[in-house]
Amino acid sequence: MKAGNKGLIWSILMLGILLGFVSESLVQAQTPPSTCANDSLFLLSPDALVFERQTEGRNGMLISWGDISLDEATCFVLTGHEDLDYGVSVGGGFGDQVDRQLLFSMSDTSVVGSTDPATLMMSWITEGSSIYGVLSGSINLANNGGVYQFNEVSGDWTQVNDALPMTWRQNNAMAMDAGTDGFMVAAFSAGQTIESDPKGLYTRNTLGWQRIAEDVFTTSLTITHISVSPNNNNHFAVGTDDNGLYVTTDGGESFANWGLNLDPDYEPIPARVRVSALDWSAGRIWTFIPNLGLFYSEDNGVSFERSDLLVDVNLDEPELGTALPVNANDITVNEADDDHVLISLQFNGVFQTIDGGLNWTDTYGDLMVPDPENEGVWSYTASSVMVDPLDSNILVVGMKNRGIFRTANGGTNWLRVGQNTDPESVSGMVNFSFLKSDGIADRYYCLIDEWSVISSSDQGATWDHFAQQPILTKGVSLALVGDGSGDFFMASWGGGTFVPGSTLVLSDTYNTGTTPSLREMDLGLDITIEAGTVLSGYQFTLKCQTFQGWAVWRGPGHDRNNMTLIGVFDRVNPESCIEGYCGNVNWQVVPQCYNSKRAACFNFDTPDTVQFFDEEIYNGFTYNYAVSSFDYGNTALTSPQNSSVTAIYSPRWQGDELSPFEGSGNRRSVKLDIAATADSGGEEIYVFPNPLRLDSGLPGQEGKRVVFTNLPEGSRVRVFTTAGDDVINLGPDNQSGGNISWGTDNRNGDDVSAGVYLYKVIMPNREDYWGKLVIIR
């Protein structure tokens with residue numbers, strides 16, 4: 001039991017008779033300690049045992065008891081947190097099967113929930129032995145990232161992260177688009193880079209963010225682009241890094257997948273189906289897949305057609321002709337004319353069509369001009385392009401590593417603009433996202449990733465930095481709120497969304513330092529971090545303990561306190577010399593195994609219940625059973641194998657000297673008394689123990705006595721050597737119920753030798769039964 005929990009009053013153990021078994025009455029209740037001391041764990045015994053004689057498969061006793069809940073059976077305590085300026089608390093029930101000590105460390109200084117651009121990372125890791133793997137996690141205590149909304153009237157930024165998880169190392173919006181009335185679709189990741197640790201697809205409405213289609217957009221699938229139809233929020237398309245395009249027309253309830261089926265006959269088949277550009281305009285869906293081509297749909301994704309876009313391979317060598325573009329980074333549709341489409345290309349600038357993709361022309365103009373003296377100078381890679389809906393001749397393009405360019409005559413002449421907003425080196429100008437205000441005429445916006453949000457009030461001719469920048473300027477896209485207010489969203493990456501006082505599921509904060517096989521384990525603990533100042537270098541520790549496993553004890557009916565340990569299940573290292581469950585007939589012996597603790601006789605198939613099968617029971621005998629939990633103390637910094645501490649046990653009965661704990665235990669008395677078998681039919685006759693060994697068998701007569709069982713009334717048993725010599729004749733006067741016992745002696749009272757013996761059961765109303773008995777001395 002985790003000390004510090006509310007008092008748990010032990011249930012009064014079952015009274016009465018169950019299946020003919022006599023129960024011992026134990027009525028004293030136990031209230032556990034009110035505090036959890038360092039390095040101690042109060043061990044509990046199960047409340048009650050239930051017995052059932054098993055006759056199918058293998059004959060024996062099935063003992064069942066309720067599993068102990070984590071909040072009762074585990075213990076955890078914070079240390080070293082007393083001097084922190086912020087409050088820390090932990091709740092739940094420790095869910096690992098081994099003791100752990102977690103060290104929490106701060107690498108930054110700020111306040112919990114900081115809105116500064118800097119990171120505020122709390123990291124934690126298990127200390128001690130790594131024999132059972134390593135647990136490691138990160139908690140971003142900053143509240144500076146996620147998705148922002150800009151109010152065009154007030155000039156203020158607000159965060160719109162309602163219901164997004166706070167457990168991510170970073171909140172990275174990998175892709176985002178908005179529909180109408182504030183509806184958004186976004187893909188998030190949580191790693192140190194924007195591409196790492198994807199977290200799936202989310203939508204946002206008045207109820208906040210909600211993950212959708214988890215079976216489609218798993219945490220192993222990277223999303224590259226999202227586009228929402230301007231006509232219907234239920235219509236949106238999602239591009240992926242390796243799985244092609246997904247289209248939904250029912251708000252994400254179902255998706256149609258498009259990849260190589262866009263053009264099944266195309267050769268050569270691309271190695272991956274990566275969507276590098278995507279747009280859903282009023283009338284068409286446009287998508288580009290490198291090494292496959294440009295496609296469009298005019299029926300909401302039911303079918304797609306190829307658009308034959310070819311570009312110059314190399315303007316320095318025109319004889320090389322044309323080919324598919326190497327890559328496309330953006331597709332933009334003129335909101336005033338669906339047939340006017342522009343595509344931003346790698347190496348080839350911007351191409352455009354004014355007839356819906358039937359014909360394409362370049363916009364090289366006077367910008368992309370070959371120079372015999374300077375090979376490759378003609379090549380520009382366009383990141384994003386914007387067209388003015390009031391004047392389709394005005395194009396503004398963000399060129400990677402070059403800056404922003406503008407043309408007012410459809411691409412014939414170009415001017416470099418916005419130099420006053422450039423970073424120190426234009427090589428840092430890689431990703432651009434343009435947006436035209438729907439609230440202020442001639443107002444353009446541009447997000448330059450990892451640099452700045454800039455704006456223009458003259459259709460892109462001149463640009464200035466925003467007077468009030470968002471907290472983070474790391475971002476992938478801008479999108480209008482869609483209500484005509486001029487407000488817009490910005491999807492950022494690299495920040496956090498933590499709100500002081502929030503409670504986090506600790507296992508949701510695992511990072512890549514956690515051993516892969518443990519990353520799905522529910523640690524069972526929640527951590528709450530209150531407001532306050534965090535100082536770099538400060539640490540605190542969380543000690544977590546759990547019990548090691550179960551122990552089953554059995555003793556003879558005449559001596560209740562003389563119990564033998566007959567089964568041990570170590571939850572970390574279960575030891576057994578058979579494969580399978582010993583309560584079935586199809587188990588197999590493990591060769592050269594000498595350290596069996598009968599772990600294979602424990603069964604956990606029934607939820608919240610533990611069972612143990614004991615085949616070493618015999619008709620006509622009374623047994624005492626008890627079940628206890630056991631532990632080795634706190635082994636977090638070592639391991640059970642390396643610990644010199646002797647196992648400690650929960651009490652088996654009130655005043656049990658083996659246990660250092662108080663408690664009533666659960667010892668029960670069980671008598672197995674099976675009547676004689678019917679004259680005809682009945683269960684199979686057999687002898688036990690078989691083989692008979694010196695160190696096993698009937699209590700008090702180990703290695704000496706065997707019992708022939710399931711005998712009809714009036715039976716006789718004769719025993720012979722394999723050579724046919726008569727060993728002994730046991731008549732009906734030796735029968736008790738359905739049993740005849742034999743002390744493995746001959747007619748003269750001498751012990752028989754080790755070997756194989758045949759026995760014949762003679763019954764009044766049934767045919768004789770022959771069997772075999774093996775005696776090992």
# chains A, B, ... in the order shown; residues from 1 in each chain; ligands from 1
$ select_by_dssp --residues "stretch 363-452 of chain A" --states "strand (DSSP E)" --output "MDAnalysis selection string"
chainID A and resid 382:388 391:399 403:407 415:417 432:436 444:448 452
$ closest_residue --among "A:Gln54, A:Ser69, A:Ser107, A:Ser456" --to "A:Phe94" --atoms "only C-alpha atoms"
A:Ser69
$ atom_distance --atom1 "atom CA of A:Ser664" --atom2 "atom CA of A:Arg571"
24.0 Å
$ residues_around --residues "A:Val112" --least-positions-apart "5" --cutoff "7 Å" --atoms "only C-alpha atoms" --output "ChimeraX atom specification"
/A:141-142,500,531-534
$ write_last_selection --atoms "N, CA and C atoms" --output "short mmCIF file (atom, residue, chain, number, x, y, z; two decimals), in the first residue's frame"
data_model
loop_
_atom_site.label_atom_id
_atom_site.label_comp_id
_atom_site.auth_asym_id
_atom_site.auth_seq_id
_atom_site.Cartn_x
_atom_site.Cartn_y
_atom_site.Cartn_z
N LEU A 141 8.18 23.78 -19.73
CA LEU A 141 7.39 24.61 -18.82
C LEU A 141 7.10 25.99 -19.37
N ALA A 142 7.51 26.27 -20.61
CA ALA A 142 7.22 27.57 -21.22
C ALA A 142 5.81 27.56 -21.81
N PRO A 500 0.70 27.15 -15.75
CA PRO A 500 1.02 26.82 -14.35
C PRO A 500 -0.17 26.19 -13.62
N ALA A 531 2.91 27.66 -10.23
CA ALA A 531 3.61 28.87 -10.66
C ALA A 531 4.81 29.13 -9.74
N GLY A 532 5.79 29.82 -10.27
CA GLY A 532 6.97 30.15 -9.49
C GLY A 532 8.18 30.29 -10.40
N THR A 533 9.32 30.60 -9.80
CA THR A 533 10.54 30.80 -10.54
C THR A 533 11.36 29.52 -10.58
N VAL A 534 11.82 29.18 -11.77
CA VAL A 534 12.64 28.00 -11.99
C VAL A 534 14.09 28.44 -12.15
#
$ closest_residue --among "A:Lys704, A:Lys474, A:Arg716, A:Arg766" --to "A:Asp751" --atoms "only C-alpha atoms"
A:Lys704
$ closest_residue --among "A:Gly475, A:Leu43, A:Gly92, A:Arg705" --to "A:Tyr649" --atoms "only C-alpha atoms"
A:Leu43
$ closest_residue --among "A:Ala277, A:Ala73, A:Val341, A:Ile440" --to "A:Val153" --atoms "only C-alpha atoms"
A:Ile440
$ decode --residues "stretch 440-556 of chain A" --atoms "C-alpha atoms" --output "mmCIF file, in the first residue's frame"
data_model
loop_
_atom_site.group_PDB
_atom_site.id
_atom_site.type_symbol
_atom_site.label_atom_id
_atom_site.label_comp_id
_atom_site.auth_asym_id
_atom_site.auth_seq_id
_atom_site.Cartn_x
_atom_site.Cartn_y
_atom_site.Cartn_z
ATOM 1 C CA ILE A 440 -7.723 45.852 -45.100
ATOM 2 C CA ALA A 441 -7.303 46.577 -48.809
ATOM 3 C CA ASP A 442 -3.818 46.168 -50.306
ATOM 4 C CA ARG A 443 -2.495 44.677 -47.011
ATOM 5 C CA TYR A 444 -0.121 41.721 -47.399
ATOM 6 C CA TYR A 445 1.514 39.661 -44.669
ATOM 7 C CA CYS A 446 4.581 37.427 -44.838
ATOM 8 C CA LEU A 447 6.013 35.030 -42.252
ATOM 9 C CA ILE A 448 9.722 34.385 -42.725
ATOM 10 C CA ASP A 449 10.469 31.260 -40.712
ATOM 11 C CA GLU A 450 12.866 31.824 -37.807
ATOM 12 C CA TRP A 451 13.082 35.519 -38.545
ATOM 13 C CA SER A 452 10.058 37.850 -38.567
ATOM 14 C CA VAL A 453 6.474 38.613 -39.499
ATOM 15 C CA ILE A 454 6.439 41.515 -41.969
ATOM 16 C CA SER A 455 3.642 43.404 -43.701
ATOM 17 C CA SER A 456 3.016 45.571 -46.737
ATOM 18 C CA SER A 457 0.278 48.161 -47.262
ATOM 19 C CA ASP A 458 0.965 48.763 -50.954
ATOM 20 C CA GLN A 459 0.451 45.344 -52.535
ATOM 21 C CA GLY A 460 3.960 44.171 -51.697
ATOM 22 C CA ALA A 461 5.953 47.070 -53.070
ATOM 23 C CA THR A 462 7.413 47.924 -49.654
ATOM 24 C CA TRP A 463 7.618 45.951 -46.425
ATOM 25 C CA ASP A 464 8.065 46.598 -42.705
ATOM 26 C CA HIS A 465 8.436 44.508 -39.586
ATOM 27 C CA PHE A 466 5.362 44.117 -37.421
ATOM 28 C CA ALA A 467 5.512 46.549 -34.539
ATOM 29 C CA GLN A 468 4.385 43.713 -32.251
ATOM 30 C CA GLN A 469 5.911 40.365 -33.165
ATOM 31 C CA PRO A 470 4.561 37.015 -31.946
ATOM 32 C CA ILE A 471 6.497 35.441 -29.078
ATOM 33 C CA LEU A 472 8.089 33.005 -31.513
ATOM 34 C CA THR A 473 8.796 33.730 -35.147
ATOM 35 C CA LYS A 474 9.440 30.094 -35.970
ATOM 36 C CA GLY A 475 6.485 29.235 -38.148
ATOM 37 C CA VAL A 476 5.289 27.302 -41.158
ATOM 38 C CA SER A 477 2.112 29.001 -42.319
ATOM 39 C CA LEU A 478 -0.393 31.834 -42.050
ATOM 40 C CA ALA A 479 -4.125 31.398 -42.613
ATOM 41 C CA LEU A 480 -7.081 33.773 -42.423
ATOM 42 C CA VAL A 481 -9.578 33.229 -39.624
ATOM 43 C CA GLY A 482 -12.169 33.323 -42.358
ATOM 44 C CA ASP A 483 -14.766 35.649 -40.856
ATOM 45 C CA GLY A 484 -13.913 38.779 -42.853
ATOM 46 C CA SER A 485 -12.304 40.469 -39.842
ATOM 47 C CA GLY A 486 -8.798 40.494 -41.228
ATOM 48 C CA ASP A 487 -7.618 38.345 -38.299
ATOM 49 C CA PHE A 488 -5.317 35.464 -39.121
ATOM 50 C CA PHE A 489 -3.656 32.430 -37.560
ATOM 51 C CA MET A 490 0.037 31.629 -37.405
ATOM 52 C CA ALA A 491 1.325 28.081 -36.831
ATOM 53 C CA SER A 492 4.577 28.133 -34.859
ATOM 54 C CA TRP A 493 7.093 25.496 -33.881
ATOM 55 C CA GLY A 494 9.699 25.116 -31.147
ATOM 56 C CA GLY A 495 7.701 26.462 -28.203
ATOM 57 C CA GLY A 496 5.679 25.175 -25.272
ATOM 58 C CA THR A 497 2.074 25.481 -24.108
ATOM 59 C CA PHE A 498 2.329 24.844 -20.358
ATOM 60 C CA VAL A 499 -0.103 26.596 -18.022
ATOM 61 C CA PRO A 500 1.017 26.817 -14.354
ATOM 62 C CA GLY A 501 -0.910 24.497 -12.052
ATOM 63 C CA SER A 502 -1.574 21.955 -14.787
ATOM 64 C CA THR A 503 -1.371 18.233 -14.079
ATOM 65 C CA LEU A 504 0.495 16.070 -16.578
ATOM 66 C CA VAL A 505 0.567 12.304 -17.060
ATOM 67 C CA LEU A 506 4.234 11.571 -16.471
ATOM 68 C CA SER A 507 4.465 8.726 -18.999
ATOM 69 C CA ASP A 508 3.183 11.111 -21.688
ATOM 70 C CA THR A 509 6.419 13.079 -21.294
ATOM 71 C CA TYR A 510 8.727 10.199 -22.324
ATOM 72 C CA ASN A 511 11.449 11.202 -24.757
ATOM 73 C CA THR A 512 13.818 9.227 -26.969
ATOM 74 C CA GLY A 513 16.032 8.472 -23.967
ATOM 75 C CA THR A 514 13.423 5.972 -22.782
ATOM 76 C CA THR A 515 14.203 2.378 -23.687
ATOM 77 C CA PRO A 516 12.021 1.609 -26.758
ATOM 78 C CA SER A 517 10.359 -1.434 -25.169
ATOM 79 C CA LEU A 518 9.178 0.754 -22.262
ATOM 80 C CA ARG A 519 7.726 3.677 -24.216
ATOM 81 C CA GLU A 520 4.199 2.286 -24.132
ATOM 82 C CA MET A 521 4.275 1.596 -20.387
ATOM 83 C CA ASP A 522 1.861 3.629 -18.263
ATOM 84 C CA LEU A 523 3.904 4.804 -15.312
ATOM 85 C CA GLY A 524 0.665 5.507 -13.463
ATOM 86 C CA LEU A 525 1.792 8.846 -12.013
ATOM 87 C CA ASP A 526 0.652 12.432 -12.529
ATOM 88 C CA ILE A 527 2.801 15.478 -11.790
ATOM 89 C CA THR A 528 1.466 18.951 -11.008
ATOM 90 C CA ILE A 529 3.736 21.986 -11.288
ATOM 91 C CA GLU A 530 2.602 25.287 -9.830
ATOM 92 C CA ALA A 531 3.611 28.868 -10.656
ATOM 93 C CA GLY A 532 6.974 30.154 -9.494
ATOM 94 C CA THR A 533 10.544 30.795 -10.544
ATOM 95 C CA VAL A 534 12.641 27.996 -11.989
ATOM 96 C CA LEU A 535 16.402 28.118 -11.509
ATOM 97 C CA SER A 536 18.872 26.353 -13.756
ATOM 98 C CA GLY A 537 20.702 23.490 -12.060
ATOM 99 C CA TYR A 538 18.082 22.830 -9.385
ATOM 100 C CA GLN A 539 17.069 19.194 -8.928
ATOM 101 C CA PHE A 540 14.601 17.080 -7.003
ATOM 102 C CA THR A 541 13.972 13.349 -6.753
ATOM 103 C CA LEU A 542 10.919 11.115 -6.992
ATOM 104 C CA LYS A 543 11.345 7.724 -5.306
ATOM 105 C CA CYS A 544 8.906 5.067 -6.476
ATOM 106 C CA GLN A 545 8.474 1.590 -5.035
ATOM 107 C CA THR A 546 6.304 -1.386 -5.804
ATOM 108 C CA PHE A 547 6.092 -4.890 -4.433
ATOM 109 C CA GLN A 548 8.226 -7.549 -6.106
ATOM 110 C CA GLY A 549 5.615 -10.239 -6.554
ATOM 111 C CA TRP A 550 3.439 -12.952 -5.030
ATOM 112 C CA ALA A 551 4.202 -15.855 -2.714
ATOM 113 C CA VAL A 552 1.893 -18.843 -2.134
ATOM 114 C CA TRP A 553 2.228 -20.897 1.040
ATOM 115 C CA ARG A 554 0.795 -24.315 1.963
ATOM 116 C CA GLY A 555 0.858 -26.313 5.163
ATOM 117 C CA PRO A 556 -0.729 -29.452 6.621
#
